[in-house]
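Enquirer: Questions regarding the structure given below will be posed in turn.
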Amino acid sequence: MLRMLAKRMLIAVPSLVGVVIVTFLLTRALPGDPAAYFAGPAATKEAIEQIRVKLGLDKPLYLQLMRYVGDLARGDLGNSLTTGQPVAHEIRTRLPASAELTLLGLIVAMAIAVPLGILAATRPNSLVDHLCRVISTAGVSLPVFFTGLILVYVFYYLLGWAPPPLGRLDVFFSPPPHVTGFYLIDSLIAGEGEAFAASLKQLVLPAITLGIFALAPIARMTRASMLAVLASDFVRTARASGLAPLTVVVTYAFRNAMLPVVTTLGMVFSFLLGANVLVEKVFAWPGIGSFAVEALIASDFAPLQGFVLTMAVMYVALNLLIDVLYGVIDPRVRIEA
Amino acid sequence: MSKAAVIPNRSPAGEKTVSVAPLRPASAGTAGAPALAPRNTGFSAAFRHARYILGENAVTGFAFALFLVIVLAALLGPYLVPYDPLASDTAAALKAPSVAHWFGTDQLGRDVFSRVVVATRLDFLIAVASVALVFLMGGLAGVAAGFFGGWTDRVVGRVADTIMAFPLFVLAMGIVAALGNTVENVVLATAIVNFPLYARIARAEANVRREAGFVLAARLSGNGEMRILLAQVLPNIMPIMVVQMSLTMGYAILNAAGLSFIGLGVRPPTAEWGIMVAEGAAFMVSGEWWIAFFPGAALMIAVFCFNLLGDGLRDIVDPQRRT
């Protein structure tokens, strides 16, 4: 297992190198003169020259890349132009908000999509099967920001069930003492039941929005792979041996059917992390996505670069995790590695 | 093209056409017909198959009809709408849908219906342009990678892997922000994030055909590798690439609308679905739902239509991948 882990991590290295080079090149691609850009619109000629030397822009490209990598190694992502704060600090404080939302969205999606896919596969051409097909086609067609707005209109404006879509916590509550940065967990640790309920209320709509978005590929894949597994020899043998239908489906078929589903999780995460940005904007969620959008509006490039890099590193790490999970579910993969 | 004209075109050399011509005079169309029969049935079989699929699957037929409506709106929209999409009328601001304003009016009194219809052209153009661009970049790179193998394959594979290492929407954001906030860059960014998908499919399809009979025959008759690639392999994988293009059209529109929703690409007064939803978002919490709803619904319907159409086309071209 450890050997496999080491091997997978080695495979992730070229991806990370590529990610760093691309984010570096994105700064090079800035329209016009990067030095003038970082100096701001009101800068004088001397100030621009100063910045050029300070940023090392007068040096050859490979030296600049090395300098960038060196800064990254020290955890320095540069400073935001608008706030003057280090980008790394800002991202670190905002990351838990995004992570909490994304994970809950994924849980919502899995909780609906997996049972739906299994039901559809065990009853082909039934009502559930058609429902599954409609949902998985409609799900990928829904613009995630549109779903979010509709949910806000129905559940906040019309029904009044949901709190206003303004951040992680109602203004009357103060955030629970920081342990994990996840308000749900932190409020439980601190034993603040009301804060837990309040933050859960804020989370429900954005999490469902993300969940609806991620649901479609998971449901489609679960259905397809369950269908394939249910038609296989070992399931037939299990059935012939007189095992209860539920045991066959859950213990025998499900575990094998999960493999392709886990593989699609990589793609689902790519969608989720992107959709996260849009959902955070709709719900004024103080995560790294809305941080990036604010930076975009202010033409502040360092935070955006830090954001793209953080997201990409997280995505590479998630794919690594999925590979490991694959090994846990399917021991054959471990032996081959 | 008339049936008789096909024959001389398909014969390898000019002199031969002359010698064949007396046997098959252009006036006697019936004489040429038997020779063409197998090809003809191939076409009509494909047509019958397509009609069978469309008849069998009413959903695909519906999607096709919807597609025609979208194309018509994109072509004729600006000439059909009742109001100028940019003309504001503060006296009529924030009016709910009525007979005069089918989709209501926005905060500046602009007619939402006119704006939604006019926006079709821009959204459709962005999607078509980015899909065409990614076909040129990814499709050609992938075909070359699959056909030549070796270092071409390694370079294309490495580029695709690097793009895949990013969450795609996030990469698109970064590209547009870095290259400049214009519609052209939105098209380019959407094309770049789709590159790996196209490159991989084209590579796999070209790889299978690398040593196919028709490729060997072309090589034997003295065609250069580049010529074989462009004239033999590429046309052969076109059906699968076309399916892929129609499947990614929906994603391209979603991606572009998402980018303009967060303020990238299209600039405010312009009518575009993503930006209209963004403008209407603030009014959703105070009950003026129509400003964001109608452009959002138009976006949803367009994407839904492209997805259905893509699925339907795949069923026709490549029935084995049916799910």
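Going by the structure tokens order, chains are called A, B, ..., each with residues numbered from 1, while ligands are numbered from 1 in the order shown.
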For chain B, list the residues within 8 Å of chain A, counting only C-alpha atoms, and write the list as a compact mmCIF listing (two decimals) with C-alpha atoms, in the first residue's frame.

Expert:
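What ended up in selection02.txt:
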```txt
# COMPACT_ATOMS: atom_id res chain seq x y z
CA ASP B 161 -2.36 16.42 -19.24
CA THR B 162 -1.27 19.84 -18.05
CA ALA B 165 -4.55 19.18 -14.10
CA PHE B 166 -6.67 22.31 -13.65
CA PRO B 167 -10.34 22.50 -12.76
CA LEU B 168 -11.50 23.61 -16.20
CA PHE B 169 -13.65 26.61 -15.35
CA VAL B 170 -10.92 27.94 -13.05
CA LEU B 171 -8.35 27.67 -15.84
CA GLY B 174 -7.27 32.57 -15.36
CA ILE B 175 -6.77 32.62 -19.12
CA ALA B 177 -8.07 37.42 -16.84
CA ALA B 178 -4.48 37.14 -18.07
CA LEU B 179 -5.04 37.65 -21.80
CA GLY B 180 -7.50 40.48 -21.40
CA GLY B 250 -23.74 22.99 -24.66
CA LEU B 254 -22.44 27.24 -20.26
CA GLY B 258 -20.54 31.43 -16.50
CA PHE B 261 -21.79 35.96 -15.08
CA ILE B 262 -18.70 36.74 -12.99
CA GLY B 263 -17.86 39.74 -15.15
CA VAL B 277 -28.73 36.70 -15.26
CA ALA B 281 -29.52 38.35 -9.61
CA MET B 284 -34.25 37.92 -7.24
CA VAL B 285 -34.29 38.54 -3.47
CA SER B 286 -36.76 41.41 -3.82
CA GLY B 287 -39.17 39.44 -6.00
CA TRP B 289 -37.77 37.23 -10.80
CA ALA B 292 -32.85 36.79 -14.37
CA PHE B 293 -35.34 34.01 -15.04
CA GLY B 296 -31.42 31.84 -17.54
CA LEU B 299 -29.60 29.44 -21.62
CA MET B 300 -30.89 26.25 -20.04
CA ILE B 301 -33.06 25.38 -23.03
CA VAL B 303 -27.81 23.80 -23.53
CA PHE B 304 -30.47 21.11 -23.10
CA ASN B 307 -27.03 17.94 -25.27
CA LEU B 308 -30.05 16.07 -26.63
CA THR B 323 -26.09 4.62 -22.98
```

Enquirer: Enumerate as a ChimeraX atom specification all residues of segment 16-257 of chain A assigned to alpha helix (DSSP H) by DSSP on the backbone, naming them with the chain letters and numbers the document uses.

Expert: /A:16-28,34-39,45-54,61-73,87-122,127-141,144-152,183-189,193-230,233-240,245-247,255-257

Enquirer: Find the residues near Pro78 of chain B: any atom within 9 Å, counting only C-alpha atoms, skip ones fewer than 3 places away on the same chain, and give them as a list in words.

Expert: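 Here the qualifying residues turn out to be Ala73, Ala74, Leu75, Val81, Asp84, Pro85, Ser114, Val117, Val118, Ala119 and Arg121 of chain B.
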
Enquirer: Just the residues within 12 Å of segment 324-329 of chain A, please, counting only C-alpha atoms, with nothing from its chain fewer than 2 positions along; format it as a count of residues only.

Expert: 35

Enquirer: Pick from B:Val186, B:Ala145, B:Leu122, B:Val193: nearest to Thr248 of chain B, with only C-alpha atoms counted?

Expert: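 The answer is B:Val193, which sits nearest to Thr248 of chain B.
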
Enquirer: Between atom CA of Gly310 of chain B and atom CA of Gln244 of chain B, what distance in Å does the model show, to one decimal?

Expert: 7.3 Å

Enquirer: List the neighbours of Val248 of chain A out to 10 Å using only C-alpha atoms; skip same-chain residues closer than 5 positions along the sequence, and give me the result as a list in words.

Expert: Leu230, Phe234, Val235, Arg236, Thr237, Ala238, Arg239, Gly242, Leu243, Ala253 and Phe254 of chain A

Enquirer: Identify which of the residues A:Ala162, A:Leu95, A:Phe24, A:Pro124 lies closest to Leu65 of chain A, counting only C-alpha atoms when measuring atom-to-atom distances.

Expert: A:Phe24

Enquirer: Compare B:Glu205, B:Asp315, B:Asp111, B:Asp106 by their minimum atom-to-atom distance to Leu140 of chain B, counting only C-alpha atoms, and give me the closest one.

Expert: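 Nearest to Leu140 of chain B: B:Glu205.
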
Enquirer: From the options B:Gly138, B:Gly224, B:Gly312, B:Gly265, which residue's atoms come nearest to Pro196 of chain B, counting only C-alpha atoms?

Expert: B:Gly138

Enquirer: Hey, can you check how far atom CA of Ala120 of chain A sits from atom CA of Asp323 of chain A?

Expert: 27.0 Å
